[in-house]
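A.B. asks: A single structure is presented below for examination.
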Amino acid sequence: MKSYLPAEYIVERDDEKCIRCKVCVNQCTYETHYYDEETDRVYSRDENCTNCQRCVVFCPTHAITIRKNPSAYRENAHWTTEVVKDIKKQAETGGVLLTGMGCDKPYFTYWDRLVLNASQVTNPSIDPLREPMEIRTYLGAKPDMLTAELEDGNLMLKTTLAPQLTLETPIMFSAISYGAVSLNVHEALARAAAECGTYFNTGEGGLHEKLFKYGNHAIVQVASGRFGVYSDYLNAGAAVEIKIGQGAKPGIGGHLPGEKVSAEIARTRMIPPGTDALSPAPQHDIYSIEDLRQLIYALKEATDYTKPVSVKIAAVHNVAAIASGMIRAGADIIAIDGVRGSTGAAPKVIRDNVGIPVELALASVDQRLREEGIRNRASIVVAGGIRSSSDVVKAIALGADAVYIATAALIAMGCTVCQKCYTGKCPWGITTTDPWIAKRLNPDIASQRLVNLLRGWSLEIKEMMGGMGINAIESLRGNRLHLRGVGLTETELRILGVKHAGD
Amino acid sequence: MEKPKVTRDFDDKEFAGCAIFGMMNLEGKRFPSRDPVRAIANMHERGNGLGGGFAVYGIYPDFKDYYALHVMFLDRDAKEKTDRLLASGFEIIYDEEIQTKPALVYNPPLVWRYFISPNVKRLGIQSEDDYVREYVMRINTETGRAFVFSSGKNMGVFKGVGYPEDIAEYFCLEDYEGYIWTCHGRFPTNTPGWWGGAHPFSILDWTVVHNGELSSYGTNKRYLEMYGYKCTMQTDTEVLAYAFDLLMRRQRLPIEVVAEILAPPFWNEIDRAEPKKASMLRTLRQTYGSLLMNGPFSVIVAHEGEMIGLTDRIKLRPLVAGTNGEYLYISSEESAIRLVSPQLEGCWNPRGGEPVIGRVGEHIVPEKFLTMEATA
């Protein structure tokens, strides 16, 4: 069937600059560029281009520019170009439209409508370059009170704390599975987490044995497919996370196609090579809150109560009540993934329409847990579209203990958010298991870029805290008086628990 | 006088610079108001006439077994409601209007004194203190226009809008004696002065006078709300009073531990401490991080038999301590101490986060000088 879809992007090549080195030809995994010996020229198949910018970055003479195809349909506010193209695509394929990364629509982002406070006159701001500024964070259940007794004149605490994770910066790498990404990516995340004193999340694909040595900086995930879950795996991690849902695709499962399941991935996931790795939509042993409690305690038993257990859910309508139930079921950490949460592959219609913004979910969960007097019993980690240090600070001021980042981490490693992860051909060597492409991502360089990112964000967090006159991050947590809303309705302000700017 | 209108259920903190002074007889002997009033008046320039107040301990020896309530009323209706509320839960032993005389104060409300005893039948399994605390919260929130200045035994708070020396004159403080006097002169910058907003802040017999601004107010307030405290006075000082009540009275933690919670050492100091101490300090910070009082403050806290001075952990507000014979002095400025006691046996600048503790019967107040050594 002839496709009616026009090319999305046009590749422009400055022939005077082009030296026929064929870097673009070799770098493009979608075979956009080709060299013709007869004419001694490089040509492009525009329809293949995803605008990933790989060729642009690596062209030694900067001869390539990618432009949006200026040829467009008649403008229509309702029947937008995106809608028309989606319909044509489905008319040609008859399938579910797949996409990668998080929701790319302009709505839903509340971070941009919240502003932060700073000290003026009545209290001093603090200069983080000259004075201590503390961002260390502990995740895990905290008691409501401690008891202390005098023993031989020394004060002794009688309360023992539940196991905690120690974060030197309140930012962790969110779940990205080995299989969705290459081993090099996993290694880079693991090494960066270890170097920065934080954690990476294995995702649902198990932990390659080569990375067990980074286990004390790993949160090992147990998801509906149970891939790679066994005793050594659980005990290798610093914490265990039960994945119930994912912000990019709440309510649905996952599917790693058999062609991506190489021998190494098969071994790590404990499935036969070349078979599809299917993650069911629900966990089939969790159909209720009491079932969740059983799994939480099964995992605590398996790890001898030495590790906190996290439960991750997608932010959905009753997220506050669900979170309360999770804590009562024994979760030490609750991770909430908002509508902007990312993925390697999801139906586009789900990604863009299911779930609620994480800012609203976080605000209502934090408030609800406080009203019920159980906020101490679990830490809150939020995920889904955290782009900058200011998003982190705003999340903590709304009530989060820490954040998960994944898209930002991938961008640091090279990702340009072209949203084609599901093809398995990521030209940046990230979402691929093809060894020829995967080796493009050098774990030494990638982990250094991640470390730099976390360092930069941590410095910025300290600057913002110092400006507010706060020198310990625990004094920012849930401190909504340091936030003001701009252009928000009364209802939005009420849910967020913040005043409007100027009020 | 109007209580400033509250448009939302989360009040903002106030911004205030202030003078604080505390004087204590370590033998528990009572002394008159003369010295404390002179000392706080000496720091006149640190206030702006929009608030002054005093807490006095050992003031009602004849009624020492009863809870003494000082309550201000913005109208008669509030008093009737309060009377009904108190009558429903307590036996009222004696009550009267607190005597006053003309002075340079702004628009004074009616202030009443009650001596009450909890109704045993209604007490149930609650402790008397918790029972009283609950009624104080109810008076503050339910009557709308009545606010409890203090609610402890054998102590009382006098405060209002004016310079502290004028407040002292208005409430005839020359007629009272106590073994602890804490005093406050206020410099509010954003809330109109109102009588409920002056210091000391108090719950049961805990009182707080405070100079500073808590950048952590939002965090502290929301944590305390989980334990049933309602912040109604539109000021961050209130959270200090409630934090002391929660940690020391309800959770029975000693002041040395409470100081490590409100003004803890830095993590790198904790990491360097010997393992047992490090573990204790770490557990305290992990558990009570939301009660870390961040931002500049110096504070004098008192309750029965004890007076404590404390600053934030990087000492962004001044605090000086002095001792002479049976007396302990804590002050924003040394000059105020020297005015009432020119000869001092000890006079020192406590380190940030290092409490100065005076206890009745313990004659020695450990001096911890400002040095560069780590606390841990």
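Identifiers in the structure tokens: chain A, B, ... in order shown; residue index from 1 per chain; ligand index from 1 in order shown.
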With DSSP run on the backbone, what are the alpha helix (DSSP H) residues within range 16-212 of chain A? I'd like them as an MDAnalysis selection string.
C.D. replies: chainID A and resid 23:27 54:58 81:93 183:196
A.B. asks: Save the residues we just selected, N, CA and C atoms, as a tab-separated table (two decimals), in the first residue's frame?
C.D. replies:
```tsv
chain	number	residue	atom	x	y	z
A	23	VAL	N	30.33	9.33	7.52
A	23	VAL	CA	29.98	9.19	8.94
A	23	VAL	C	28.47	9.12	9.10
A	24	CYS	N	27.75	9.99	8.41
A	24	CYS	CA	26.29	10.01	8.54
A	24	CYS	C	25.70	8.68	8.08
A	25	VAL	N	26.27	8.15	7.01
A	25	VAL	CA	25.75	6.87	6.49
A	25	VAL	C	25.90	5.79	7.54
A	26	ASN	N	27.05	5.77	8.18
A	26	ASN	CA	27.31	4.73	9.18
A	26	ASN	C	26.58	4.96	10.49
A	27	GLN	N	26.39	6.22	10.84
A	27	GLN	CA	25.77	6.51	12.14
A	27	GLN	C	24.26	6.31	12.12
A	54	ARG	N	21.81	12.53	15.44
A	54	ARG	CA	23.07	11.81	15.54
A	54	ARG	C	24.04	12.26	14.43
A	55	CYS	N	23.52	12.31	13.18
A	55	CYS	CA	24.38	12.68	12.06
A	55	CYS	C	24.84	14.13	12.16
A	56	VAL	N	23.94	14.98	12.67
A	56	VAL	CA	24.27	16.41	12.78
A	56	VAL	C	25.46	16.59	13.72
A	57	VAL	N	25.39	15.87	14.86
A	57	VAL	CA	26.44	16.01	15.87
A	57	VAL	C	27.76	15.43	15.38
A	58	PHE	N	27.68	14.32	14.64
A	58	PHE	CA	28.92	13.63	14.29
A	58	PHE	C	29.49	14.01	12.92
A	81	THR	N	-2.25	18.45	12.48
A	81	THR	CA	-1.39	17.61	11.65
A	81	THR	C	-1.14	16.26	12.33
A	82	GLU	N	-0.92	16.32	13.65
A	82	GLU	CA	-0.64	15.08	14.39
A	82	GLU	C	-1.82	14.11	14.30
A	83	VAL	N	-3.02	14.65	14.46
A	83	VAL	CA	-4.21	13.80	14.41
A	83	VAL	C	-4.37	13.19	13.02
A	84	VAL	N	-4.19	14.03	12.00
A	84	VAL	CA	-4.37	13.54	10.63
A	84	VAL	C	-3.35	12.45	10.31
A	85	LYS	N	-2.12	12.68	10.73
A	85	LYS	CA	-1.08	11.68	10.45
A	85	LYS	C	-1.34	10.38	11.21
A	86	ASP	N	-1.78	10.50	12.45
A	86	ASP	CA	-2.07	9.29	13.23
A	86	ASP	C	-3.16	8.46	12.55
A	87	ILE	N	-4.18	9.15	12.05
A	87	ILE	CA	-5.27	8.42	11.39
A	87	ILE	C	-4.75	7.72	10.14
A	88	LYS	N	-3.94	8.44	9.39
A	88	LYS	CA	-3.41	7.82	8.17
A	88	LYS	C	-2.54	6.61	8.50
A	89	LYS	N	-1.72	6.75	9.57
A	89	LYS	CA	-0.86	5.64	9.97
A	89	LYS	C	-1.69	4.42	10.31
A	90	GLN	N	-2.76	4.63	11.05
A	90	GLN	CA	-3.58	3.49	11.46
A	90	GLN	C	-4.34	2.91	10.28
A	91	ALA	N	-4.72	3.81	9.35
A	91	ALA	CA	-5.41	3.31	8.16
A	91	ALA	C	-4.48	2.43	7.33
A	92	GLU	N	-3.20	2.69	7.44
A	92	GLU	CA	-2.23	1.91	6.66
A	92	GLU	C	-1.78	0.64	7.38
A	93	THR	N	-1.84	0.65	8.74
A	93	THR	CA	-1.30	-0.50	9.48
A	93	THR	C	-2.33	-1.30	10.24
A	183	LEU	N	23.37	-2.99	28.03
A	183	LEU	CA	24.12	-3.19	29.27
A	183	LEU	C	25.01	-1.99	29.57
A	184	ASN	N	25.53	-1.37	28.51
A	184	ASN	CA	26.37	-0.18	28.71
A	184	ASN	C	25.61	0.92	29.45
A	185	VAL	N	24.34	1.08	29.11
A	185	VAL	CA	23.53	2.11	29.77
A	185	VAL	C	23.35	1.75	31.23
A	186	HIS	N	23.02	0.50	31.49
A	186	HIS	CA	22.85	0.06	32.87
A	186	HIS	C	24.13	0.27	33.67
A	187	GLU	N	25.24	-0.06	33.03
A	187	GLU	CA	26.52	0.09	33.74
A	187	GLU	C	26.79	1.57	34.04
A	188	ALA	N	26.51	2.43	33.07
A	188	ALA	CA	26.74	3.86	33.28
A	188	ALA	C	25.89	4.38	34.44
A	189	LEU	N	24.62	3.96	34.47
A	189	LEU	CA	23.73	4.40	35.55
A	189	LEU	C	24.24	3.89	36.90
A	190	ALA	N	24.65	2.61	36.92
A	190	ALA	CA	25.11	2.01	38.17
A	190	ALA	C	26.36	2.73	38.69
A	191	ARG	N	27.30	2.97	37.79
A	191	ARG	CA	28.54	3.60	38.22
A	191	ARG	C	28.31	5.05	38.67
A	192	ALA	N	27.44	5.75	37.95
A	192	ALA	CA	27.16	7.14	38.35
A	192	ALA	C	26.46	7.18	39.70
A	193	ALA	N	25.52	6.26	39.91
A	193	ALA	CA	24.81	6.23	41.19
A	193	ALA	C	25.79	5.97	42.32
A	194	ALA	N	26.71	5.03	42.09
A	194	ALA	CA	27.68	4.71	43.13
A	194	ALA	C	28.59	5.92	43.41
A	195	GLU	N	29.01	6.57	42.35
A	195	GLU	CA	29.92	7.70	42.53
A	195	GLU	C	29.24	8.88	43.23
A	196	CYS	N	27.95	9.07	42.96
A	196	CYS	CA	27.24	10.22	43.53
A	196	CYS	C	26.59	9.91	44.87
```
A.B. asks: Find the residues of chain A in contact range of chain B, meaning any atom within 8 Å when counting only C-alpha atoms, and list them as number ranges by chain.
C.D. replies: A: 122-124, 132, 134, 136, 138, 142-148, 156-157, 161, 370-373, 468-472, 474-482
A.B. asks: Include C-alpha atoms and write out the residues we just selected as a short mmCIF file (atom, residue, chain, number, x, y, z; two decimals), in the first residue's frame.
C.D. replies:
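Saved result, part-v2.cif, follows:
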```
data_model
loop_
_atom_site.label_atom_id
_atom_site.label_comp_id
_atom_site.auth_asym_id
_atom_site.auth_seq_id
_atom_site.Cartn_x
_atom_site.Cartn_y
_atom_site.Cartn_z
CA THR A 122 14.21 39.87 57.76
CA ASN A 123 16.31 36.74 57.53
CA PRO A 124 19.61 36.12 55.83
CA PRO A 132 27.40 24.13 54.96
CA GLU A 134 22.95 19.81 53.47
CA ARG A 136 21.55 14.30 52.33
CA TYR A 138 17.27 9.12 54.07
CA LYS A 142 10.49 6.63 60.34
CA PRO A 143 8.94 6.14 63.78
CA ASP A 144 6.48 8.68 65.18
CA MET A 145 8.68 9.09 68.23
CA LEU A 146 11.86 7.83 69.83
CA THR A 147 12.29 6.62 73.34
CA ALA A 148 15.48 7.35 75.21
CA MET A 156 20.65 5.56 74.99
CA LEU A 157 17.99 5.42 72.31
CA LEU A 161 15.04 2.53 62.95
CA ARG A 370 -0.48 13.83 57.05
CA GLU A 371 -4.20 14.00 57.74
CA GLU A 372 -4.11 10.31 58.52
CA GLY A 373 -1.00 10.78 60.67
CA MET A 468 15.51 30.64 50.99
CA GLY A 469 17.65 30.70 54.13
CA ILE A 470 17.45 26.93 54.53
CA ASN A 471 20.61 24.89 55.11
CA ALA A 472 19.13 21.41 55.46
CA GLU A 474 14.59 18.38 55.58
CA SER A 475 13.47 21.94 56.30
CA LEU A 476 12.31 22.27 52.71
CA ARG A 477 10.34 19.02 52.64
CA GLY A 478 6.63 19.76 52.53
CA ASN A 479 7.36 23.44 53.12
CA ARG A 480 4.73 24.75 50.74
CA LEU A 481 5.02 28.26 52.12
CA HIS A 482 8.13 28.55 49.94
#
```
A.B. asks: So, with only C-alpha atoms as the atoms that count, which of A:Val316, A:Leu207, A:Val240, A:Leu454 lies closest to Ser364 in chain A?
C.D. replies: A:Val316
A.B. asks: Please, what distance in Å, to one decimal, runs between CA of Arg359 in chain B and CA of Asn154 in chain B?
C.D. replies: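 Distance between the two atoms: 16.5 Å.
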A.B. asks: Using Å and a single decimal, report how far CA of Tyr199 in chain A sits from CA of Tyr305 in chain A.
C.D. replies: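 Interatomic distance, CA of Tyr305 in chain A to CA of Tyr199 in chain A: 19.1 Å.
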A.B. asks: If we count only C-alpha atoms, what is near Ala408 in chain A at a cut-off of 9 Å, once residues fewer than 2 positions away on the same chain are taken out, given as an MDAnalysis selection string?
C.D. replies: chainID A and resid 385:388 405:406 410:413 415 453
A.B. asks: Grab the residues selected above and save them as a CSV table (one decimal), in the first residue's frame with C-alpha atoms.
C.D. replies:
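again19.csv written:
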```
chain,number,residue,atom,x,y,z
A,385,GLY,CA,9.1,14.4,33.7
A,386,ILE,CA,11.5,15.9,36.3
A,387,ARG,CA,13.6,18.2,34.0
A,388,SER,CA,15.7,20.4,36.2
A,405,ILE,CA,14.8,10.9,37.0
A,406,ALA,CA,15.1,8.8,33.8
A,410,LEU,CA,19.1,9.5,29.1
A,411,ILE,CA,19.4,13.0,27.7
A,412,ALA,CA,22.6,13.5,29.6
A,413,MET,CA,23.9,10.3,27.9
A,415,CYS,CA,19.2,11.0,24.0
A,453,LEU,CA,24.5,16.3,35.7
```
A.B. asks: For Cys418 in chain A, work out the shell of residues within 9 Å, counting only C-alpha atoms and skipping chain neighbours fewer than 5 positions away, then give it as a PyMOL selection string.
C.D. replies: chain A and resi 50-53+100-101
A.B. asks: Can you list every residue in range 53-185 of chain A that DSSP puts in strand (DSSP E or B), as a count of residues only?
C.D. replies: 30
A.B. asks: Fewer than 5 positions away in the same chain doesn't count, so skip those; otherwise give me all residues within 8 Å of Ile92 in chain B, counting only C-alpha atoms, as a ChimeraX atom specification.
C.D. replies: /B:86-87,114-117
A.B. asks: What gap, in Å, lies between CA of Ser342 in chain A and CA of Leu97 in chain A?
C.D. replies: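 Separation between CA of Ser342 in chain A and CA of Leu97 in chain A: 15.9 Å.
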